[in-house]
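In what follows, a single structure is set out as structure tokens and then discussed.
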There are 2 protein chains.
Amino acid sequence: MDEPVVLTGAGGRVGTAILEGIGEAYDWRLFYHSHPDEVLVDGEVIVGDVTEEEKVRELVEGAGAVIHLAGDPRPEAPWDSVLDNNIHGTKVIMEAAAEAGVEKVAYASSNHAVGAFETDERTPEMYRPEDEFRLDGSEFPRPSNLYGVSKATGEVLGRYYYDHSEMDVVSVRIGNLTRGHPPKEYERGQAMWLSYRDCAHLFDRCLQADYEHAIVYGISDNERKYYSLESAREVLGYDPQDDSAEFTFEGEPKDAQ
Amino acid sequence: MDEPVVLTGAGGRVGTAILEGIGEAYDWRLFYHSHPDEVLVDGEVIVGDVTEEEKVRELVEGAGAVIHLAGDPRPEAPWDSVLDNNIHGTKVIMEAAAEAGVEKVAYASSNHAVGAFETDERTPEMYRPEDEFRLDGSEFPRPSNLYGVSKATGEVLGRYYYDHSEMDVVSVRIGNLTRGHPPKEYERGQAMWLSYRDCAHLFDRCLQADYEHAIVYGISDNERKYYSLESAREVLGYDPQDDSAEFTFEGEPKDAQ
């Protein structure tokens with residue numbers, strides 16, 4: 001991609017994983033909510049809020065793609081915050097991107113958009129390798145909290161702006177992104193683990209592939225899983241390298257022992 | 001149902017159809033946005049806004065069911081209005097209903113939540129009797145406008161509160177409710193026509209049936225249709241009596257000629 005790539009929420013965990021992994025590969029416009037202490041890559045730095053319409057219009061002007069991560073990231077965030085930062089903020093950035101003629105938008109949805117599939121009847125069995133329950137992205141959202149409601153609404157906005165503009169839009173239901181491997185006894189975290197390098201590769205594919213409109217799951221190729229990777233593989237060409245089963249309790253690769 | 005039934009948006013078109021048809025069958029609490037000139041049935045009248053949390057809590061206290069119609073009804077409504085009145089308002093009323101232990105919530109979604117299925121390639125053929133394209137409620141929303149985005153978000157909220165409370169929640173994607181029959185040349189309107197009496201019967205079923213969680217289409221049994229009635233029939237026991245094909249251009253029943 002020759003045009004600049006806008007990254008909102010550049011200071012967050014997902015933004016960090018992306019910049020560490022593919023920071024050299026693009027011409028970034030980095031949007032931070034507050035002035036960053038450290039910027040991981042060369043790139044234009046803009047500080048502001050995704051709800052500032054005029055600033056957002058300038059941010060996306062002439063950009064080729066937008067990776068939209070900004071928002072209140074707390075699963076327990078109160079409604080007023082997710083209504084404004086996540087729902088309204090996502091509308092503002094997607095509308096600006098559509099009007100600016102941006103080619104691709106990758107939107108950070110969340111496992112919390114579908115967290116209520118994890119019912120008492122299904123857990124903890126659904127977190128285990130032998131369990132065959134899978135979500136594949138064709139199911140309606142079942143949010144686990146109001147944050148999840150806001151993320152599911154962002155998916156609806158993505159569909160709306162895909163249908164009413166020239167942009168491709170992909171919503172990535174991101175699992176449990178952690179730099180180290182989650183503890184073995186945290187079965188849910190293991191099942192939805194997304195490694196930093198797989199995260200960077202996944203969003204690289206979101207900048208490269210032609211997907212029209214898609215909803216995919218973003219996890220590593222874990223032995224334990226209840227999210228299907230089929231859609232991300234087929235639609236994006238996602239090819240994850242990590243598997244939570246290959247790490248010991250301490251988070252070291254097994255073959256390093 | 002012995003407990004009172006809350007009807008928000010009582011002064012609107014859907015509210016009018018409901019009160020004309022089943023006004024005598026329930027003990028109503030009628031919620032109006034402004035003081036009504038005329039109230040169609042006996043019942044408690046409350047004037048306010050669904051975003052007024054304290055007032056809404058009092059409104060639903062001790063109620064057995066809520067029919068939630070209130071909101072900005074304009075397909076062309078601006079984002080700020082649907083964000084506040086439709087998205088935030090629906091959250092306020094559903095949360096209050098969940099906390100009050102209400103048994104059932106019937107939520108007025110809209111054909112605009114799925115209006116972008118009506119693509120240039122499919123229309124006008126999809127509006128015609130011989131066309132077999134059907135939406136059945138299992139498809140993701142594809143809103144035709146920001147009003148439709150807000151309605152689809154209400155469906156997400158309905159799912160969320162169903163999963164996190166004891167309430168049954170049904171979202172009704174209401175078609176084209178008109179007292180008279182839409183003109184013959186308005187094929188889309190014919191295909192999604194909902195007569196006043198079928199509308200009242202449909203919401204009666206929403207107060208009587210045990211549906212857990214459902215998304216259904218609300219139209220009459222039109223010869224032309226692209227919404228399946230299967231889900232409403234099966235889940236709610238909906239048994240529509242009208243068919244737009246049985247009316248002449250003037251809106252009179254054919255057998256009355």
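Labels for the structure tokens follow display order: chains A, B, ..., residues from 1 in each chain, ligands from 1.
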- request: Write out as a ChimeraX atom specification each polymer residue whose atoms come within 8 Å of segment 122-130 of chain B, counting only C-alpha atoms; drop sequence neighbours fewer than 3 positions from it.
  value: /B:118-119,133,187-188,190-191,223-226
Dump as a tab-separated table (two decimals), in the first residue's frame, selection limited to C-alpha atoms:
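New file out-v4.tsv:
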chain	number	residue	atom	x	y	z
B	118	GLU	CA	-32.34	-4.51	-1.54
B	119	THR	CA	-29.49	-4.08	-3.98
B	133	PHE	CA	-35.39	-14.44	-2.37
B	187	GLU	CA	-43.98	-2.70	-5.27
B	188	ARG	CA	-41.67	-2.44	-2.29
B	190	GLN	CA	-46.74	-3.93	-1.22
B	191	ALA	CA	-44.12	-6.58	-0.50
B	223	GLU	CA	-48.42	-12.66	-2.07
B	224	ARG	CA	-45.40	-10.50	-2.83
B	225	LYS	CA	-42.84	-10.81	-0.07
B	226	TYR	CA	-39.14	-11.15	0.57
Contacts between chain B and chain A, please, where a residue of chain A counts if it comes within 10 Å (with only C-alpha atoms); show its shortest atom pair and distance in Å to one decimal, rows by chain and ascending number, as a tab-separated table.
residue	atom	partner	partner_atom	distance
A:Trp79	CA	B:His88	CA	8.9
A:Asp80	CA	B:His88	CA	8.9
A:Leu83	CA	B:His88	CA	7.7
A:Asp84	CA	B:Leu83	CA	9.3
A:Ile87	CA	B:Leu83	CA	8.6
A:His88	CA	B:Leu83	CA	7.7
A:Lys91	CA	B:Trp79	CA	8.9
A:Val92	CA	B:Trp79	CA	10.0
A:Ala113	CA	B:Val156	CA	9.4
A:Val114	CA	B:Tyr160	CA	9.8
A:Ala116	CA	B:Asp163	CA	6.9
A:Phe117	CA	B:Asp163	CA	9.2
A:Thr119	CA	B:Asp163	CA	9.4
A:Ser138	CA	B:Phe140	CA	8.1
A:Glu139	CA	B:Phe140	CA	8.1
A:Phe140	CA	B:Phe140	CA	6.6
A:Pro141	CA	B:Val156	CA	6.9
A:Arg142	CA	B:Tyr160	CA	6.2
A:Pro143	CA	B:Tyr160	CA	5.7
A:Ser144	CA	B:Tyr160	CA	7.1
A:Asn145	CA	B:Tyr160	CA	7.4
A:Leu146	CA	B:Tyr160	CA	8.1
A:Gly148	CA	B:Tyr160	CA	8.9
A:Val149	CA	B:Val156	CA	6.5
A:Ser150	CA	B:Thr153	CA	8.7
A:Ala152	CA	B:Val156	CA	7.3
A:Thr153	CA	B:Thr153	CA	5.7
A:Gly154	CA	B:Thr153	CA	9.3
A:Glu155	CA	B:Pro141	CA	9.8
A:Val156	CA	B:Val149	CA	6.5
A:Leu157	CA	B:Val149	CA	6.6
A:Gly158	CA	B:Arg142	CA	9.7
A:Arg159	CA	B:Arg142	CA	6.3
A:Tyr160	CA	B:Pro143	CA	5.7
A:Tyr161	CA	B:Pro143	CA	9.3
A:Tyr162	CA	B:Arg142	CA	9.6
A:Asp163	CA	B:Ala116	CA	6.9
A:His164	CA	B:Ser144	CA	8.3
Please write out chain A, superposed on chain B by least squares over all C-alpha atoms matched in order, as a compact mmCIF listing (two decimals) with C-alpha atoms, in the first residue's frame.
# COMPACT_ATOMS: atom_id res chain seq x y z
CA MET A 1 -51.19 -11.10 31.30
CA ASP A 2 -52.35 -9.75 34.65
CA GLU A 3 -49.65 -7.14 35.20
CA PRO A 4 -49.69 -3.81 33.39
CA VAL A 5 -48.21 -3.60 29.91
CA VAL A 6 -45.97 -0.63 29.15
CA LEU A 7 -46.30 0.82 25.67
CA THR A 8 -43.62 3.37 24.73
CA GLY A 9 -44.20 5.50 21.69
CA ALA A 10 -47.92 5.10 22.30
CA GLY A 11 -48.75 8.07 20.07
CA GLY A 12 -47.00 6.75 16.98
CA ARG A 13 -48.41 4.76 14.10
CA VAL A 14 -47.51 1.33 15.48
CA GLY A 15 -48.83 2.30 18.90
CA THR A 16 -52.08 3.43 17.33
CA ALA A 17 -52.49 0.14 15.45
CA ILE A 18 -51.86 -1.81 18.66
CA LEU A 19 -54.28 0.22 20.76
CA GLU A 20 -57.00 0.10 18.13
CA GLY A 21 -56.68 -3.66 17.86
CA ILE A 22 -55.95 -4.96 21.35
CA GLY A 23 -56.56 -1.87 23.46
CA GLU A 24 -59.27 -3.58 25.52
CA ALA A 25 -57.25 -6.68 26.26
CA TYR A 26 -54.58 -5.28 28.58
CA ASP A 27 -54.01 -2.92 31.47
CA TRP A 28 -51.88 -0.30 29.73
CA ARG A 29 -49.26 2.15 30.88
CA LEU A 30 -49.01 4.49 27.94
CA PHE A 31 -45.78 6.41 27.51
CA TYR A 32 -46.00 9.45 25.26
CA HIS A 33 -43.26 11.82 24.21
CA SER A 34 -45.61 14.79 24.45
CA HIS A 35 -49.04 15.13 25.95
CA PRO A 36 -51.54 13.40 23.63
CA ASP A 37 -54.59 15.17 22.26
CA GLU A 38 -56.48 11.92 22.36
CA VAL A 39 -55.91 8.68 24.24
CA LEU A 40 -57.46 5.69 22.52
CA VAL A 41 -58.00 3.48 25.56
CA ASP A 42 -58.33 3.60 29.31
CA GLY A 43 -54.92 3.45 30.85
CA GLU A 44 -52.34 5.32 32.80
CA VAL A 45 -50.74 8.07 30.72
CA ILE A 46 -47.14 9.10 31.37
CA VAL A 47 -45.39 11.80 29.38
CA GLY A 48 -41.61 11.76 29.08
CA ASP A 49 -38.54 10.69 27.25
CA VAL A 50 -37.12 7.15 27.20
CA THR A 51 -33.73 8.61 28.05
CA GLU A 52 -35.01 9.85 31.44
CA GLU A 53 -33.71 7.02 33.59
CA GLU A 54 -35.58 7.75 36.80
CA LYS A 55 -38.89 8.20 35.00
CA VAL A 56 -38.35 5.01 33.02
CA ARG A 57 -37.63 3.05 36.19
CA GLU A 58 -40.97 4.18 37.61
CA LEU A 59 -42.66 3.42 34.29
CA VAL A 60 -41.65 -0.24 34.26
CA GLU A 61 -41.96 -0.91 38.01
CA GLY A 62 -44.33 -3.84 38.47
CA ALA A 63 -45.06 -4.18 34.76
CA GLY A 64 -45.39 -7.61 33.18
CA ALA A 65 -44.27 -6.63 29.71
CA VAL A 66 -42.94 -3.75 27.66
CA ILE A 67 -43.66 -2.99 24.03
CA HIS A 68 -40.88 -0.58 23.12
CA LEU A 69 -41.70 1.55 20.11
CA ALA A 70 -40.38 4.95 21.17
CA GLY A 71 -37.57 6.59 19.25
CA ASP A 72 -36.94 8.83 16.31
CA PRO A 73 -38.97 7.08 13.57
CA ARG A 74 -37.50 8.92 10.58
CA PRO A 75 -35.43 6.81 8.18
CA GLU A 76 -33.50 9.99 7.38
CA ALA A 77 -33.00 10.94 11.04
CA PRO A 78 -29.56 12.35 11.80
CA TRP A 79 -27.02 10.31 13.74
CA ASP A 80 -27.11 12.45 16.88
CA SER A 81 -30.82 11.84 17.22
CA VAL A 82 -30.78 8.08 16.65
CA LEU A 83 -27.70 7.72 18.87
CA ASP A 84 -29.53 9.35 21.75
CA ASN A 85 -33.20 8.51 21.23
CA ASN A 86 -32.94 5.08 19.65
CA ILE A 87 -29.68 3.51 20.84
CA HIS A 88 -29.35 5.13 24.26
CA GLY A 89 -33.11 5.20 24.81
CA THR A 90 -33.44 1.48 24.08
CA LYS A 91 -30.59 0.70 26.47
CA VAL A 92 -32.29 2.73 29.22
CA ILE A 93 -35.65 1.03 28.85
CA MET A 94 -34.31 -2.49 28.44
CA GLU A 95 -32.02 -2.16 31.43
CA ALA A 96 -34.84 -0.79 33.57
CA ALA A 97 -37.12 -3.62 32.43
CA ALA A 98 -34.46 -6.23 33.21
CA GLU A 99 -33.90 -4.79 36.68
CA ALA A 100 -37.63 -4.58 37.38
CA GLY A 101 -38.13 -8.26 36.53
CA VAL A 102 -40.37 -7.66 33.52
CA GLU A 103 -41.27 -10.94 31.79
CA LYS A 104 -41.32 -9.93 28.14
CA VAL A 105 -39.98 -7.15 25.97
CA ALA A 106 -41.13 -6.70 22.38
CA TYR A 107 -38.86 -4.30 20.54
CA ALA A 108 -39.78 -2.48 17.35
CA SER A 109 -36.92 -3.05 14.94
CA SER A 110 -37.36 -2.09 11.33
CA ASN A 111 -37.04 -3.11 7.71
CA HIS A 112 -34.34 -0.44 7.58
CA ALA A 113 -32.11 -2.69 9.70
CA VAL A 114 -31.88 -4.94 6.63
CA GLY A 115 -32.67 -2.47 3.85
CA ALA A 116 -29.29 -2.83 2.14
CA PHE A 117 -30.24 -6.34 1.03
CA GLU A 118 -32.34 -4.50 -1.53
CA THR A 119 -29.47 -4.08 -3.97
CA ASP A 120 -29.71 -2.77 -7.52
CA GLU A 121 -29.19 -6.34 -8.74
CA ARG A 122 -32.11 -7.73 -6.73
CA THR A 123 -34.68 -4.98 -7.20
CA PRO A 124 -37.38 -4.69 -8.35
CA GLU A 125 -37.50 -8.47 -8.98
CA MET A 126 -37.31 -9.28 -5.25
CA TYR A 127 -40.58 -7.41 -4.71
CA ARG A 128 -42.50 -9.72 -7.06
CA PRO A 129 -44.53 -12.83 -6.29
CA GLU A 130 -42.46 -15.14 -8.48
CA ASP A 131 -39.16 -14.14 -6.85
CA GLU A 132 -37.91 -16.59 -4.24
CA PHE A 133 -35.40 -14.43 -2.37
CA ARG A 134 -36.24 -14.44 1.34
CA LEU A 135 -34.84 -12.98 4.51
CA ASP A 136 -35.73 -15.14 7.48
CA GLY A 137 -34.17 -13.37 10.47
CA SER A 138 -31.05 -15.50 10.58
CA GLU A 139 -29.11 -13.00 8.48
CA PHE A 140 -26.96 -10.22 9.92
CA PRO A 141 -28.36 -6.72 9.68
CA ARG A 142 -27.51 -4.71 6.60
CA PRO A 143 -28.88 -1.25 7.44
CA SER A 144 -30.00 1.10 4.72
CA ASN A 145 -29.37 4.24 6.78
CA LEU A 146 -28.21 5.36 10.23
CA TYR A 147 -31.73 4.90 11.54
CA GLY A 148 -31.38 1.27 10.47
CA VAL A 149 -28.02 1.10 12.26
CA SER A 150 -29.77 2.27 15.42
CA LYS A 151 -32.50 -0.35 15.02
CA ALA A 152 -29.94 -3.12 14.48
CA THR A 153 -28.18 -1.93 17.63
CA GLY A 154 -31.44 -2.25 19.52
CA GLU A 155 -31.51 -5.89 18.41
CA VAL A 156 -28.02 -6.36 19.86
CA LEU A 157 -29.19 -4.77 23.11
CA GLY A 158 -32.18 -7.12 23.10
CA ARG A 159 -29.89 -10.11 22.80
CA TYR A 160 -27.66 -8.75 25.56
CA TYR A 161 -30.50 -8.19 28.02
CA TYR A 162 -32.08 -11.53 27.15
CA ASP A 163 -28.80 -13.26 28.00
CA HIS A 164 -28.36 -11.30 31.22
CA SER A 165 -31.83 -11.26 32.72
CA GLU A 166 -34.98 -13.35 33.07
CA MET A 167 -36.79 -11.53 30.25
CA ASP A 168 -37.90 -12.95 26.94
CA VAL A 169 -36.99 -10.48 24.19
CA VAL A 170 -38.31 -10.40 20.65
CA SER A 171 -37.21 -7.94 17.97
CA VAL A 172 -39.81 -7.36 15.28
CA ARG A 173 -38.45 -6.05 11.97
CA ILE A 174 -41.57 -4.12 11.08
CA GLY A 175 -42.38 -3.68 7.42
CA ASN A 176 -44.51 -0.94 5.92
CA LEU A 177 -47.37 -0.28 8.34
CA THR A 178 -50.11 1.76 6.68
CA ARG A 179 -53.79 1.99 7.44
CA GLY A 180 -54.71 1.88 3.81
CA HIS A 181 -53.13 -0.44 1.32
CA PRO A 182 -50.04 0.91 -0.50
CA PRO A 183 -50.52 1.78 -4.18
CA LYS A 184 -50.17 -1.14 -6.59
CA GLU A 185 -47.23 0.52 -8.36
CA TYR A 186 -45.30 0.83 -5.08
CA GLU A 187 -43.98 -2.70 -5.27
CA ARG A 188 -41.66 -2.44 -2.28
CA GLY A 189 -44.45 -1.14 -0.08
CA GLN A 190 -46.75 -3.93 -1.22
CA ALA A 191 -44.12 -6.57 -0.51
CA MET A 192 -43.59 -5.41 3.07
CA TRP A 193 -47.08 -4.22 3.88
CA LEU A 194 -48.28 -4.73 7.43
CA SER A 195 -51.98 -4.06 7.98
CA TYR A 196 -53.17 -2.44 11.18
CA ARG A 197 -55.03 -5.54 12.31
CA ASP A 198 -52.10 -7.86 11.60
CA CYS A 199 -49.84 -5.46 13.49
CA ALA A 200 -52.09 -5.56 16.56
CA HIS A 201 -52.33 -9.35 16.39
CA LEU A 202 -48.55 -9.67 16.02
CA PHE A 203 -47.86 -7.65 19.17
CA ASP A 204 -50.61 -9.53 20.98
CA ARG A 205 -48.63 -12.69 20.24
CA CYS A 206 -45.51 -10.93 21.57
CA LEU A 207 -47.38 -10.54 24.88
CA GLN A 208 -48.68 -14.11 24.94
CA ALA A 209 -46.12 -16.47 23.45
CA ASP A 210 -43.03 -17.94 25.13
CA TYR A 211 -40.27 -17.09 22.72
CA GLU A 212 -37.13 -16.74 24.85
CA HIS A 213 -35.15 -14.72 22.28
CA ALA A 214 -36.23 -14.18 18.68
CA ILE A 215 -35.88 -11.89 15.69
CA VAL A 216 -38.90 -11.97 13.41
CA TYR A 217 -40.31 -10.11 10.43
CA GLY A 218 -43.54 -8.22 10.82
CA ILE A 219 -45.53 -8.08 7.59
CA SER A 220 -48.93 -9.28 6.45
CA ASP A 221 -49.24 -12.51 4.48
CA ASN A 222 -48.56 -10.76 1.20
CA GLU A 223 -48.41 -12.65 -2.07
CA ARG A 224 -45.39 -10.49 -2.84
CA LYS A 225 -42.85 -10.79 -0.10
CA TYR A 226 -39.14 -11.13 0.55
CA TYR A 227 -39.43 -11.53 4.30
CA SER A 228 -40.19 -15.02 5.52
CA LEU A 229 -43.04 -15.28 8.02
CA GLU A 230 -41.92 -18.71 9.17
CA SER A 231 -40.17 -17.51 12.30
CA ALA A 232 -43.07 -15.29 13.43
CA ARG A 233 -45.51 -18.15 12.82
CA GLU A 234 -43.44 -20.76 14.62
CA VAL A 235 -42.05 -18.75 17.48
CA LEU A 236 -44.98 -16.43 18.17
CA GLY A 237 -47.96 -18.20 16.66
CA TYR A 238 -48.49 -15.24 14.36
CA ASP A 239 -51.39 -15.84 11.96
CA PRO A 240 -51.78 -12.86 9.63
CA GLN A 241 -55.11 -12.25 7.89
CA ASP A 242 -54.25 -9.68 5.25
CA ASP A 243 -52.52 -9.80 1.87
CA SER A 244 -51.70 -6.72 -0.16
CA ALA A 245 -52.64 -8.64 -3.34
CA GLU A 246 -56.27 -8.73 -2.20
CA PHE A 247 -56.67 -4.99 -2.48
CA THR A 248 -57.23 -2.86 -5.52
CA PHE A 249 -55.29 0.25 -6.36
CA GLU A 250 -57.77 2.30 -4.36
CA GLY A 251 -57.14 0.26 -1.25
CA GLU A 252 -60.55 -1.41 -1.15
CA PRO A 253 -60.83 -5.18 -0.71
CA LYS A 254 -61.36 -6.80 -4.13
CA ASP A 255 -64.47 -8.69 -2.96
CA ALA A 256 -66.09 -5.39 -1.97
CA GLN A 257 -66.20 -4.27 -5.59
query: Which parts of segment 19-245 of chain B does DSSP call strand (DSSP E or B) when run on the backbone here, written out as an NGL selection string?
result: :B and (28-32 or 44-47 or 65-68 or 104-110 or 135 or 168-174 or 176-177 or 193-194 or 213-218 or 227)
